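**Q** Just one file: structure03.cif, with mmCIF, C-alpha atoms (C1' of nucleotides).
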```cif
data_model
#
loop_
_atom_site.group_PDB
_atom_site.id
_atom_site.type_symbol
_atom_site.label_atom_id
_atom_site.label_comp_id
_atom_site.auth_asym_id
_atom_site.auth_seq_id
_atom_site.Cartn_x
_atom_site.Cartn_y
_atom_site.Cartn_z
ATOM 1 C CA MET A 21 -0.639 -21.826 -10.423
ATOM 2 C CA ALA A 22 2.250 -19.601 -9.389
ATOM 3 C CA ALA A 23 5.391 -21.412 -10.416
ATOM 4 C CA ASP A 24 8.121 -20.388 -7.989
ATOM 5 C CA ALA A 25 8.197 -19.715 -4.256
ATOM 6 C CA LEU A 26 8.963 -16.030 -4.584
ATOM 7 C CA SER A 27 5.956 -15.478 -6.843
ATOM 8 C CA ARG A 28 3.704 -17.244 -4.377
ATOM 9 C CA VAL A 29 4.997 -15.129 -1.490
ATOM 10 C CA PHE A 30 4.664 -11.800 -3.298
ATOM 11 C CA SER A 31 1.278 -12.808 -4.660
ATOM 12 C CA ALA A 32 0.068 -13.831 -1.206
ATOM 13 C CA LEU A 33 1.092 -10.494 0.286
ATOM 14 C CA ALA A 34 -0.418 -8.501 -2.579
ATOM 15 C CA ASP A 35 -3.786 -8.773 -0.824
ATOM 16 C CA PRO A 36 -4.337 -6.247 2.003
ATOM 17 C CA THR A 37 -6.547 -8.662 3.955
ATOM 18 C CA ARG A 38 -3.796 -11.262 3.894
ATOM 19 C CA ARG A 39 -1.170 -8.728 4.952
ATOM 20 C CA ASP A 40 -3.484 -7.791 7.789
ATOM 21 C CA MET A 41 -3.677 -11.430 8.860
ATOM 22 C CA VAL A 42 0.100 -11.672 8.840
ATOM 23 C CA ALA A 43 0.192 -8.605 11.074
ATOM 24 C CA ARG A 44 -2.265 -10.269 13.443
ATOM 25 C CA LEU A 45 -0.277 -13.496 13.450
ATOM 26 C CA ALA A 46 2.960 -11.695 14.235
ATOM 27 C CA VAL A 47 1.427 -10.960 17.647
ATOM 28 C CA GLY A 48 0.659 -14.626 18.224
ATOM 29 C CA ASP A 49 -1.003 -17.749 16.860
ATOM 30 C CA ALA A 50 -4.727 -17.625 16.192
ATOM 31 C CA THR A 51 -7.608 -19.832 15.109
ATOM 32 C CA VAL A 52 -9.449 -19.333 11.832
ATOM 33 C CA ASN A 53 -12.439 -17.866 13.658
ATOM 34 C CA GLU A 54 -10.259 -15.410 15.539
ATOM 35 C CA LEU A 55 -8.608 -14.339 12.318
ATOM 36 C CA ALA A 56 -11.955 -13.984 10.565
ATOM 37 C CA ALA A 57 -13.516 -11.801 13.282
ATOM 38 C CA PRO A 58 -12.273 -8.383 12.082
ATOM 39 C CA TYR A 59 -13.522 -8.848 8.513
ATOM 40 C CA ASP A 60 -17.101 -9.087 7.325
ATOM 41 C CA VAL A 61 -16.426 -11.873 4.861
ATOM 42 C CA SER A 62 -17.452 -15.515 5.190
ATOM 43 C CA LEU A 63 -15.330 -17.979 7.137
ATOM 44 C CA GLN A 64 -14.744 -19.849 3.887
ATOM 45 C CA ALA A 65 -13.164 -16.787 2.322
ATOM 46 C CA VAL A 66 -10.790 -16.486 5.279
ATOM 47 C CA SER A 67 -10.009 -20.189 5.009
ATOM 48 C CA LYS A 68 -9.054 -19.617 1.373
ATOM 49 C CA HIS A 69 -6.811 -16.694 2.301
ATOM 50 C CA LEU A 70 -5.056 -18.914 4.823
ATOM 51 C CA LYS A 71 -4.584 -21.582 2.176
ATOM 52 C CA VAL A 72 -2.834 -19.036 -0.024
ATOM 53 C CA LEU A 73 -0.591 -17.961 2.857
ATOM 54 C CA GLU A 74 0.132 -21.595 3.673
ATOM 55 C CA ASP A 75 0.994 -22.458 0.056
ATOM 56 C CA ALA A 76 3.384 -19.511 0.097
ATOM 57 C CA GLY A 77 5.009 -20.950 3.215
ATOM 58 C CA LEU A 78 4.107 -17.897 5.262
ATOM 59 C CA VAL A 79 1.981 -19.785 7.781
ATOM 60 C CA SER A 80 1.533 -23.322 9.042
ATOM 61 C CA ARG A 81 -1.528 -24.951 10.559
ATOM 62 C CA SER A 82 -1.611 -27.562 13.289
ATOM 63 C CA ARG A 83 -4.546 -29.193 15.039
ATOM 64 C CA ASP A 84 -6.067 -28.693 18.499
ATOM 65 C CA ALA A 85 -9.364 -30.602 18.744
ATOM 66 C CA GLN A 86 -11.689 -28.880 16.231
ATOM 67 C CA ARG A 87 -9.492 -25.823 16.190
ATOM 68 C CA ARG A 88 -6.807 -25.207 13.603
ATOM 69 C CA PRO A 89 -4.274 -22.796 15.150
ATOM 70 C CA VAL A 90 -2.452 -20.770 12.516
ATOM 71 C CA HIS A 91 1.220 -19.967 13.043
ATOM 72 C CA LEU A 92 3.367 -17.396 11.234
ATOM 73 C CA GLU A 93 6.518 -18.783 9.618
ATOM 74 C CA ALA A 94 8.886 -15.834 9.591
ATOM 75 C CA GLN A 95 11.732 -17.507 7.713
ATOM 76 C CA VAL A 96 10.044 -16.919 4.365
ATOM 77 C CA PHE A 97 10.424 -13.192 4.835
ATOM 78 C CA ASP A 98 14.153 -13.704 4.435
ATOM 79 C CA LEU A 99 13.569 -14.912 0.893
ATOM 80 C CA MET A 100 11.871 -11.649 -0.012
ATOM 81 C CA THR A 101 14.288 -9.473 1.887
ATOM 82 C CA LYS A 102 17.195 -11.097 0.100
ATOM 83 C CA TRP A 103 15.622 -10.525 -3.295
ATOM 84 C CA ILE A 104 14.750 -6.912 -2.526
ATOM 85 C CA GLU A 105 18.094 -6.040 -0.971
ATOM 86 C CA ARG A 106 19.974 -7.310 -3.977
ATOM 87 C CA TYR A 107 18.354 -4.944 -6.439
ATOM 88 C CA ARG A 108 18.018 -2.086 -4.030
ATOM 89 C CA GLN A 109 21.734 -2.126 -3.371
ATOM 90 C CA GLN A 110 22.504 -2.365 -7.078
ATOM 91 C CA ALA A 111 20.264 0.602 -7.743
ATOM 92 C CA GLU A 112 21.805 2.581 -4.896
ATOM 93 C CA GLU A 113 25.246 1.865 -6.269
ATOM 94 C CA ARG A 114 24.175 3.204 -9.649
ATOM 95 C CA TYR A 115 22.774 6.237 -7.904
ATOM 96 C CA ARG A 116 26.094 6.890 -6.177
ATOM 97 C CA ARG A 117 27.912 6.548 -9.487
ATOM 98 C CA LEU A 118 25.529 9.102 -10.960
ATOM 99 C CA ASP A 119 26.321 11.331 -7.991
ATOM 100 C CA ASP A 120 30.009 11.161 -8.840
ATOM 101 C CA VAL A 121 29.331 12.067 -12.445
ATOM 102 C CA LEU A 122 27.178 14.998 -11.434
ATOM 103 C CA ALA A 123 29.711 16.136 -8.854
ATOM 104 C CA ALA A 124 32.308 16.282 -11.621
ATOM 105 C CA MET A 125 30.071 18.650 -13.604
ATOM 106 C CA PRO A 126 30.376 22.165 -12.181
ATOM 107 C CA ASP A 127 27.289 23.592 -13.932
ATOM 108 C CA VAL A 128 24.835 20.963 -12.692
ATOM 109 C CA ALA A 129 23.417 20.767 -9.159
ATOM 110 C CA PRO A 130 24.534 17.588 -7.382
ATOM 111 C CA THR A 131 21.893 14.935 -6.420
ATOM 112 C CA PRO A 132 18.706 16.594 -7.641
ATOM 113 C CA PRO A 133 15.939 15.232 -5.406
ATOM 114 C CA PRO A 134 13.366 12.967 -7.148
ATOM 115 C CA GLU A 135 10.719 15.270 -8.539
ATOM 116 C CA GLY A 136 7.802 13.012 -7.644
ATOM 117 C CA SER A 137 7.889 13.980 -3.982
ATOM 118 C CA PRO A 138 5.568 11.497 -2.248
ATOM 119 C CA SER A 139 3.277 12.316 0.659
ATOM 120 C CA MET B 1146 -7.402 -1.370 -9.390
ATOM 121 C CA ALA B 1147 -5.301 -2.311 -6.383
ATOM 122 C CA ALA B 1148 -6.243 0.058 -3.584
ATOM 123 C CA ASP B 1149 -3.026 0.835 -1.724
ATOM 124 C CA ALA B 1150 0.573 1.341 -2.802
ATOM 125 C CA LEU B 1151 1.889 -1.709 -0.979
ATOM 126 C CA SER B 1152 -0.622 -3.971 -2.720
ATOM 127 C CA ARG B 1153 0.378 -2.582 -6.089
ATOM 128 C CA VAL B 1154 4.073 -3.146 -5.371
ATOM 129 C CA PHE B 1155 3.656 -6.714 -4.109
ATOM 130 C CA SER B 1156 1.266 -7.510 -6.939
ATOM 131 C CA ALA B 1157 3.677 -6.117 -9.521
ATOM 132 C CA LEU B 1158 6.529 -8.235 -8.191
ATOM 133 C CA ALA B 1159 4.382 -11.369 -7.983
ATOM 134 C CA ASP B 1160 5.054 -11.940 -11.682
ATOM 135 C CA PRO B 1161 8.428 -13.590 -12.451
ATOM 136 C CA THR B 1162 8.731 -11.779 -15.790
ATOM 137 C CA ARG B 1163 8.310 -8.456 -14.035
ATOM 138 C CA ARG B 1164 10.842 -9.368 -11.348
ATOM 139 C CA ASP B 1165 13.195 -10.313 -14.154
ATOM 140 C CA MET B 1166 12.730 -6.902 -15.724
ATOM 141 C CA VAL B 1167 13.486 -5.232 -12.410
ATOM 142 C CA ALA B 1168 16.682 -7.278 -12.251
ATOM 143 C CA ARG B 1169 17.592 -6.122 -15.731
ATOM 144 C CA LEU B 1170 16.839 -2.496 -14.875
ATOM 145 C CA ALA B 1171 18.967 -2.632 -11.745
ATOM 146 C CA VAL B 1172 21.938 -2.940 -14.113
ATOM 147 C CA GLY B 1173 20.879 0.149 -16.012
ATOM 148 C CA ASP B 1174 18.087 1.901 -17.906
ATOM 149 C CA ALA B 1175 16.687 0.161 -20.973
ATOM 150 C CA THR B 1176 14.211 0.714 -23.788
ATOM 151 C CA VAL B 1177 11.028 -1.325 -24.141
ATOM 152 C CA ASN B 1178 12.526 -3.278 -27.031
ATOM 153 C CA GLU B 1179 15.650 -4.100 -25.052
ATOM 154 C CA LEU B 1180 13.546 -5.286 -22.154
ATOM 155 C CA ALA B 1181 11.338 -7.364 -24.435
ATOM 156 C CA ALA B 1182 14.223 -9.148 -26.165
ATOM 157 C CA PRO B 1183 14.747 -12.017 -23.670
ATOM 158 C CA TYR B 1184 11.080 -13.063 -23.671
ATOM 159 C CA ASP B 1185 9.076 -14.549 -26.504
ATOM 160 C CA VAL B 1186 5.984 -12.511 -25.819
ATOM 161 C CA SER B 1187 4.670 -9.619 -27.862
ATOM 162 C CA LEU B 1188 5.964 -6.090 -27.360
ATOM 163 C CA GLN B 1189 2.476 -5.109 -26.229
ATOM 164 C CA ALA B 1190 2.614 -7.620 -23.402
ATOM 165 C CA VAL B 1191 5.931 -6.141 -22.256
ATOM 166 C CA SER B 1192 4.456 -2.672 -22.494
ATOM 167 C CA LYS B 1193 1.647 -3.801 -20.202
ATOM 168 C CA HIS B 1194 4.115 -5.244 -17.703
ATOM 169 C CA LEU B 1195 5.930 -1.935 -17.647
ATOM 170 C CA LYS B 1196 2.649 -0.129 -17.040
ATOM 171 C CA VAL B 1197 2.070 -2.312 -13.987
ATOM 172 C CA LEU B 1198 5.576 -1.604 -12.698
ATOM 173 C CA GLU B 1199 5.075 2.106 -13.357
ATOM 174 C CA ASP B 1200 1.714 2.193 -11.551
ATOM 175 C CA ALA B 1201 3.434 0.522 -8.608
ATOM 176 C CA GLY B 1202 6.052 3.271 -8.667
ATOM 177 C CA LEU B 1203 8.837 0.791 -9.321
ATOM 178 C CA VAL B 1204 9.877 2.334 -12.646
ATOM 179 C CA SER B 1205 9.562 5.613 -14.487
ATOM 180 C CA ARG B 1206 9.558 6.268 -18.217
ATOM 181 C CA SER B 1207 11.003 9.272 -20.012
ATOM 182 C CA ARG B 1208 11.352 10.060 -23.694
ATOM 183 C CA ASP B 1209 14.355 10.009 -26.033
ATOM 184 C CA ALA B 1210 13.178 10.521 -29.642
ATOM 185 C CA GLN B 1211 11.005 7.484 -30.417
ATOM 186 C CA ARG B 1212 12.550 5.565 -27.537
ATOM 187 C CA ARG B 1213 11.046 5.405 -24.050
ATOM 188 C CA PRO B 1214 13.887 4.604 -21.665
ATOM 189 C CA VAL B 1215 12.723 2.797 -18.533
ATOM 190 C CA HIS B 1216 14.334 3.641 -15.208
ATOM 191 C CA LEU B 1217 14.203 1.720 -11.937
ATOM 192 C CA GLU B 1218 12.946 3.713 -8.944
ATOM 193 C CA ALA B 1219 14.609 2.034 -6.006
ATOM 194 C CA GLN B 1220 12.966 4.088 -3.257
ATOM 195 C CA VAL B 1221 9.794 2.001 -3.432
ATOM 196 C CA PHE B 1222 11.732 -1.014 -2.209
ATOM 197 C CA ASP B 1223 12.034 0.757 1.126
ATOM 198 C CA LEU B 1224 8.264 0.625 1.508
ATOM 199 C CA MET B 1225 8.314 -3.157 1.219
ATOM 200 C CA THR B 1226 11.408 -3.607 3.334
ATOM 201 C CA LYS B 1227 9.846 -1.564 6.114
ATOM 202 C CA TRP B 1228 6.675 -3.647 6.069
ATOM 203 C CA ILE B 1229 8.554 -6.921 5.998
ATOM 204 C CA GLU B 1230 11.052 -5.989 8.702
ATOM 205 C CA ARG B 1231 8.311 -4.994 11.073
ATOM 206 C CA TYR B 1232 6.661 -8.384 11.156
ATOM 207 C CA ARG B 1233 9.829 -10.367 10.796
ATOM 208 C CA GLN B 1234 11.277 -8.739 13.882
ATOM 209 C CA GLN B 1235 8.054 -9.279 15.817
ATOM 210 C CA ALA B 1236 8.022 -12.937 14.840
ATOM 211 C CA GLU B 1237 11.695 -13.351 15.733
ATOM 212 C CA GLU B 1238 11.051 -11.809 19.110
ATOM 213 C CA ARG B 1239 8.252 -14.280 19.729
ATOM 214 C CA TYR B 1240 10.562 -17.058 18.655
ATOM 215 C CA ARG B 1241 13.190 -15.987 21.161
ATOM 216 C CA ARG B 1242 10.573 -15.846 23.900
ATOM 217 C CA LEU B 1243 9.497 -19.360 23.007
ATOM 218 C CA ASP B 1244 13.128 -20.374 23.246
ATOM 219 C CA ASP B 1245 13.283 -19.049 26.783
ATOM 220 C CA VAL B 1246 10.160 -20.916 27.766
ATOM 221 C CA LEU B 1247 11.433 -24.141 26.307
ATOM 222 C CA ALA B 1248 14.857 -23.673 27.886
ATOM 223 C CA ALA B 1249 13.109 -23.465 31.258
ATOM 224 C CA MET B 1250 11.485 -26.863 30.675
ATOM 225 C CA PRO B 1251 14.000 -29.635 31.349
ATOM 226 C CA ASP B 1252 11.997 -32.457 29.715
ATOM 227 C CA VAL B 1253 11.485 -30.770 26.357
ATOM 228 C CA ALA B 1254 14.128 -30.289 23.654
ATOM 229 C CA PRO B 1255 14.825 -26.602 22.990
ATOM 230 C CA THR B 1256 13.638 -25.041 19.679
ATOM 231 C CA PRO B 1257 11.854 -28.004 18.080
ATOM 232 C CA PRO B 1258 11.748 -27.466 14.301
ATOM 233 C CA PRO B 1259 8.275 -26.615 12.903
ATOM 234 C CA GLU B 1260 6.420 -29.869 12.372
ATOM 235 C CA GLY B 1261 5.776 -29.632 8.639
ATOM 236 C CA SER B 1262 5.890 -33.415 8.685
ATOM 237 C CA PRO B 1263 3.182 -34.918 6.450
ATOM 238 C CA SER B 1264 0.482 -37.203 7.825
ATOM 239 C "C1'" DC C 1427 -26.694 -41.036 18.821
ATOM 240 C "C1'" DT C 1428 -27.572 -36.341 18.349
ATOM 241 C "C1'" DT C 1429 -26.397 -31.605 18.564
ATOM 242 C "C1'" DG C 1430 -23.172 -27.858 18.234
ATOM 243 C "C1'" DT C 1431 -18.679 -25.939 17.038
ATOM 244 C "C1'" DT C 1432 -14.876 -25.357 13.952
ATOM 245 C "C1'" DA C 1433 -13.288 -25.508 9.740
ATOM 246 C "C1'" DT C 1434 -12.798 -27.386 4.877
ATOM 247 C "C1'" DC C 1435 -14.489 -28.911 0.240
ATOM 248 C "C1'" DA C 1436 -17.157 -28.041 -3.985
ATOM 249 C "C1'" DA C 1437 -19.525 -25.423 -7.279
ATOM 250 C "C1'" DC C 1438 -20.469 -21.211 -9.008
ATOM 251 C "C1'" DC C 1439 -20.009 -16.044 -10.290
ATOM 252 C "C1'" DG C 1440 -18.124 -11.471 -11.601
ATOM 253 C "C1'" DA C 1441 -13.887 -9.012 -12.026
ATOM 254 C "C1'" DG C 1442 -9.202 -8.677 -13.236
ATOM 255 C "C1'" DC C 1443 -4.852 -10.513 -15.318
ATOM 256 C "C1'" DG C 1444 -1.647 -12.029 -18.853
ATOM 257 C "C1'" DG C 1445 -1.661 -12.982 -23.251
ATOM 258 C "C1'" DT C 1446 -3.019 -12.147 -28.183
ATOM 259 C "C1'" DT C 1447 -3.932 -9.327 -32.706
ATOM 260 C "C1'" DG C 1448 -4.946 -5.010 -35.027
ATOM 261 C "C1'" DA C 1449 -4.923 -0.189 -35.342
ATOM 262 C "C1'" DG C 1450 -2.990 4.235 -34.066
ATOM 263 C "C1'" DT C 1451 0.616 7.669 -32.477
ATOM 264 C "C1'" DA C 1452 5.136 9.887 -32.317
ATOM 265 C "C1'" DA C 1453 9.372 10.642 -34.082
ATOM 266 C "C1'" DG C 1454 13.584 10.148 -37.428
ATOM 267 C "C1'" DG C 1455 15.213 9.352 -42.005
ATOM 268 C "C1'" DA C 1456 14.774 8.539 -47.272
ATOM 269 C "C1'" DT D 749 6.047 13.169 -48.635
ATOM 270 C "C1'" DC D 750 6.297 8.405 -47.597
ATOM 271 C "C1'" DC D 751 8.553 4.719 -44.967
ATOM 272 C "C1'" DT D 752 10.382 2.765 -40.889
ATOM 273 C "C1'" DT D 753 11.153 2.449 -35.994
ATOM 274 C "C1'" DA D 754 9.418 2.454 -31.348
ATOM 275 C "C1'" DC D 755 5.846 2.108 -28.763
ATOM 276 C "C1'" DT D 756 0.850 2.535 -26.903
ATOM 277 C "C1'" DC D 757 -4.214 1.924 -27.126
ATOM 278 C "C1'" DA D 758 -8.243 -1.001 -27.771
ATOM 279 C "C1'" DA D 759 -10.733 -5.098 -28.081
ATOM 280 C "C1'" DC D 760 -10.929 -9.722 -27.181
ATOM 281 C "C1'" DC D 761 -10.009 -14.472 -24.844
ATOM 282 C "C1'" DG D 762 -9.054 -17.999 -21.422
ATOM 283 C "C1'" DC D 763 -7.727 -18.482 -16.709
ATOM 284 C "C1'" DT D 764 -7.200 -17.265 -12.050
ATOM 285 C "C1'" DC D 765 -8.842 -14.745 -7.940
ATOM 286 C "C1'" DG D 766 -11.750 -13.267 -4.188
ATOM 287 C "C1'" DG D 767 -16.086 -13.709 -2.957
ATOM 288 C "C1'" DT D 768 -20.537 -16.327 -2.250
ATOM 289 C "C1'" DT D 769 -23.704 -20.465 -0.668
ATOM 290 C "C1'" DG D 770 -24.408 -25.323 0.449
ATOM 291 C "C1'" DA D 771 -22.676 -29.654 1.890
ATOM 292 C "C1'" DT D 772 -19.388 -32.223 4.556
ATOM 293 C "C1'" DA D 773 -15.681 -33.616 7.888
ATOM 294 C "C1'" DA D 774 -13.722 -33.765 12.553
ATOM 295 C "C1'" DC D 775 -14.291 -33.407 17.086
ATOM 296 C "C1'" DA D 776 -16.594 -32.292 22.068
ATOM 297 C "C1'" DA D 777 -20.385 -32.668 24.973
ATOM 298 C "C1'" DG D 778 -25.097 -33.948 26.249
#
```
In structure tokens, what does this structure look like?
**A**
Amino acid sequence: MAADALSRVFSALADPTRRDMVARLAVGDATVNELAAPYDVSLQAVSKHLKVLEDAGLVSRSRDAQRRPVHLEAQVFDLMTKWIERYRQQAEERYRRLDDVLAAMPDVAPTPPPEGSPS
Amino acid sequence: MAADALSRVFSALADPTRRDMVARLAVGDATVNELAAPYDVSLQAVSKHLKVLEDAGLVSRSRDAQRRPVHLEAQVFDLMTKWIERYRQQAEERYRRLDDVLAAMPDVAPTPPPEGSPS
DNA sequence: CTTGTTATCAACCGAGCGGTTGAGTAAGGA
DNA sequence: TCCTTACTCAACCGCTCGGTTGATAACAAG
């Protein structure tokens, strides 16, 4: 099993179907059947996906008769954001320092754009 | 292989060892041996981890004699941050709306904490 | 009590992951 | 040239993951 919370969260969101479900749940709570509708997988598979999201703390499930409304727990996103921001800022700082170094060198163009230009 | 870029990034960061390496690389570039030092796994295992990070676009590898310095590519973090922020903001908005509804009901306490209470 | 709906549990399967060891490649130095 | 350093490639192994089907639980309604 995934040891720490952060691993569980990242791992849960590594699956596109699960990210899709999070997107759906951001609009509002939904039942398992409602969540399953867009995908042509079994209800059991969807139930498993929800279990993963629940174990990661991304969703919670309550009870309404036979229905099991699923609710998005947005607080967990903060955990990720915090982790990401930390290293992004560190990396940006390094980048700025590199800028300074390059700016001090007259024969080198400042801030060469990354050569792997994405789409 | 993981289909989309976002899946690859989340999947890469789902491993605590790999997140640790990202943390190390945020401080500065490092060789494979330097990165492997803290962990008691084989160099080949570390090399594989780096391949995963590279495929996710999180790091790049150049060449310096026999050494292969690894460099953190911070731009990819933006991809994640964008995805996360989108749904976090949506969820927060919903939360605020719920607040309003509850505030309008005199016999219900405003913002009840999520009932994660066990059975 | 029986039927239908909603959802979970259990067992299984193929694919992929994280780890290993062993061999091979690329480069510097004796 | 041969040796050493730094690292990757290839094959294998056990475990987990996402999917399946079949059985079961919880509840509503007839």
**Q** Sort by chain and increasing residue number a table of all residues of chain B within 9 Å of chain D, each with its closest pair of atoms and their distance in Å to one decimal, counting all atoms listed in the file, and write it as CSV.
**A**
```
residue,atom,partner,partner_atom,distance
B:Val1177,CA,D:DC755,C1',7.7
B:Asn1178,CA,D:DA754,C1',7.8
B:Leu1188,CA,D:DC755,C1',8.3
B:Gln1189,CA,D:DT756,C1',7.8
B:Ser1192,CA,D:DT756,C1',7.7
B:Gln1211,CA,D:DA754,C1',5.4
B:Arg1212,CA,D:DA754,C1',5.8
B:Arg1213,CA,D:DC755,C1',7.8
```
**Q** Taking all atoms listed in the file into account, find every residue of chain C that has an atom no more than 10 Å from chain A, and write it out as a PDB file with C-alpha atoms (C1' of nucleotides), in the frame of the given file.
**A**
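Produced file result15.pdb, reproduced below:
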```
ATOM      1  C1'  DT C1431     -18.679 -25.939  17.038  1.00  0.00           C
ATOM      2  C1'  DT C1432     -14.876 -25.357  13.952  1.00  0.00           C
ATOM      3  C1'  DA C1433     -13.288 -25.508   9.740  1.00  0.00           C
ATOM      4  C1'  DT C1434     -12.798 -27.386   4.877  1.00  0.00           C
ATOM      5  C1'  DC C1435     -14.489 -28.911   0.240  1.00  0.00           C
TER       6       DC C1435
END
```
**Q** Counting all atoms listed in the file, which residues sit no farther than 7 Å from the position (2.2, -6.5, -2.9) in the file's frame? I'd like them as a list in words.
**A**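 Residues with an atom at most 7 Å from (2.2, -6.5, -2.9): Phe30, Ser31, Leu33, Ala34 and Asp35 of chain A; Leu1151, Ser1152, Arg1153, Val1154, Phe1155, Ser1156 and Ala1157 of chain B.
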**Q** Write out, as a PDB file, in the coordinates of the input, the residues just selected, with C-alpha atoms.
**A**
```pdb
ATOM      1  CA  PHE A  30       4.664 -11.800  -3.298  1.00  0.00           C
ATOM      2  CA  SER A  31       1.278 -12.808  -4.660  1.00  0.00           C
ATOM      3  CA  LEU A  33       1.092 -10.494   0.286  1.00  0.00           C
ATOM      4  CA  ALA A  34      -0.418  -8.501  -2.579  1.00  0.00           C
ATOM      5  CA  ASP A  35      -3.786  -8.773  -0.824  1.00  0.00           C
TER       6      ASP A  35
ATOM      7  CA  LEU B1151       1.889  -1.709  -0.979  1.00  0.00           C
ATOM      8  CA  SER B1152      -0.622  -3.971  -2.720  1.00  0.00           C
ATOM      9  CA  ARG B1153       0.378  -2.582  -6.089  1.00  0.00           C
ATOM     10  CA  VAL B1154       4.073  -3.146  -5.371  1.00  0.00           C
ATOM     11  CA  PHE B1155       3.656  -6.714  -4.109  1.00  0.00           C
ATOM     12  CA  SER B1156       1.266  -7.510  -6.939  1.00  0.00           C
ATOM     13  CA  ALA B1157       3.677  -6.117  -9.521  1.00  0.00           C
TER      14      ALA B1157
END
```
**Q** Using the file's own x, y and z axes, what box holds all listed atoms of segment 98-101 of chain A with 6 Å on each side, keeping edges along x, y and z, and what are its centre and edge lengths in Å to one decimal, as JSON?
**A**
```
{"center_x": 13.1, "center_y": -12.2, "center_z": 2.2, "size_x": 14.4, "size_y": 17.4, "size_z": 16.4}
```
**Q** Which residue is closest to chain B? Choose from A:Gly77, A:Arg38, A:Arg116, A:Ala46 and count only C-alpha atoms.
**A**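 With only C-alpha atoms as the atom set, the closest residue is A:Ala46.
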**Q** For a quick test of understanding: name the residues of chain A lying within 9 Å of chain B when counting all atoms listed in the file, and present them as a PyMOL selection string.
**A** chain A and resi 22-24+26-36+42-43+45-48+80-82+92-95+97-98+100-101+104-112+114
**Q** Can I get the selection written as an mmCIF file, in the coordinates of the input, with C-alpha atoms?
**A**
```cif
data_model
loop_
_atom_site.group_PDB
_atom_site.id
_atom_site.type_symbol
_atom_site.label_atom_id
_atom_site.label_comp_id
_atom_site.auth_asym_id
_atom_site.auth_seq_id
_atom_site.Cartn_x
_atom_site.Cartn_y
_atom_site.Cartn_z
ATOM 1 C CA ALA A 22 2.250 -19.601 -9.389
ATOM 2 C CA ALA A 23 5.391 -21.412 -10.416
ATOM 3 C CA ASP A 24 8.121 -20.388 -7.989
ATOM 4 C CA LEU A 26 8.963 -16.030 -4.584
ATOM 5 C CA SER A 27 5.956 -15.478 -6.843
ATOM 6 C CA ARG A 28 3.704 -17.244 -4.377
ATOM 7 C CA VAL A 29 4.997 -15.129 -1.490
ATOM 8 C CA PHE A 30 4.664 -11.800 -3.298
ATOM 9 C CA SER A 31 1.278 -12.808 -4.660
ATOM 10 C CA ALA A 32 0.068 -13.831 -1.206
ATOM 11 C CA LEU A 33 1.092 -10.494 0.286
ATOM 12 C CA ALA A 34 -0.418 -8.501 -2.579
ATOM 13 C CA ASP A 35 -3.786 -8.773 -0.824
ATOM 14 C CA PRO A 36 -4.337 -6.247 2.003
ATOM 15 C CA VAL A 42 0.100 -11.672 8.840
ATOM 16 C CA ALA A 43 0.192 -8.605 11.074
ATOM 17 C CA LEU A 45 -0.277 -13.496 13.450
ATOM 18 C CA ALA A 46 2.960 -11.695 14.235
ATOM 19 C CA VAL A 47 1.427 -10.960 17.647
ATOM 20 C CA GLY A 48 0.659 -14.626 18.224
ATOM 21 C CA SER A 80 1.533 -23.322 9.042
ATOM 22 C CA ARG A 81 -1.528 -24.951 10.559
ATOM 23 C CA SER A 82 -1.611 -27.562 13.289
ATOM 24 C CA LEU A 92 3.367 -17.396 11.234
ATOM 25 C CA GLU A 93 6.518 -18.783 9.618
ATOM 26 C CA ALA A 94 8.886 -15.834 9.591
ATOM 27 C CA GLN A 95 11.732 -17.507 7.713
ATOM 28 C CA PHE A 97 10.424 -13.192 4.835
ATOM 29 C CA ASP A 98 14.153 -13.704 4.435
ATOM 30 C CA MET A 100 11.871 -11.649 -0.012
ATOM 31 C CA THR A 101 14.288 -9.473 1.887
ATOM 32 C CA ILE A 104 14.750 -6.912 -2.526
ATOM 33 C CA GLU A 105 18.094 -6.040 -0.971
ATOM 34 C CA ARG A 106 19.974 -7.310 -3.977
ATOM 35 C CA TYR A 107 18.354 -4.944 -6.439
ATOM 36 C CA ARG A 108 18.018 -2.086 -4.030
ATOM 37 C CA GLN A 109 21.734 -2.126 -3.371
ATOM 38 C CA GLN A 110 22.504 -2.365 -7.078
ATOM 39 C CA ALA A 111 20.264 0.602 -7.743
ATOM 40 C CA GLU A 112 21.805 2.581 -4.896
ATOM 41 C CA ARG A 114 24.175 3.204 -9.649
#
```
**Q** Go ahead and compute the interatomic distance for atom CA of Leu1180 of chain B and atom CA of Met1166 of chain B, in Å to one decimal.
**A**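 Spanning atom CA of Leu1180 of chain B to atom CA of Met1166 of chain B is a straight-line distance of 6.7 Å.
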**Q** Have a look at atom C1' of DG1444 of chain C and atom CA of Asp1200 of chain B and let me know their distance in Å, one decimal.
**A**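 So the two atoms, atom C1' of DG1444 of chain C and atom CA of Asp1200 of chain B, lie 16.3 Å apart.
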**Q** When you draw a straight line from atom C1' of DA1453 of chain C to atom CA of Thr1162 of chain B, how long is it in Å?
**A**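 For atom C1' of DA1453 of chain C relative to atom CA of Thr1162 of chain B, the distance reads 28.9 Å.
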**Q** Could you list the residues chosen by the PyMOL selection byres ((chain C and resi 1445) around 9) in this structure as a PyMOL selection string?
**A** (chain B and resi 1186-1187+1190) or (chain C and resi 1443-1444+1446) or (chain D and resi 761)
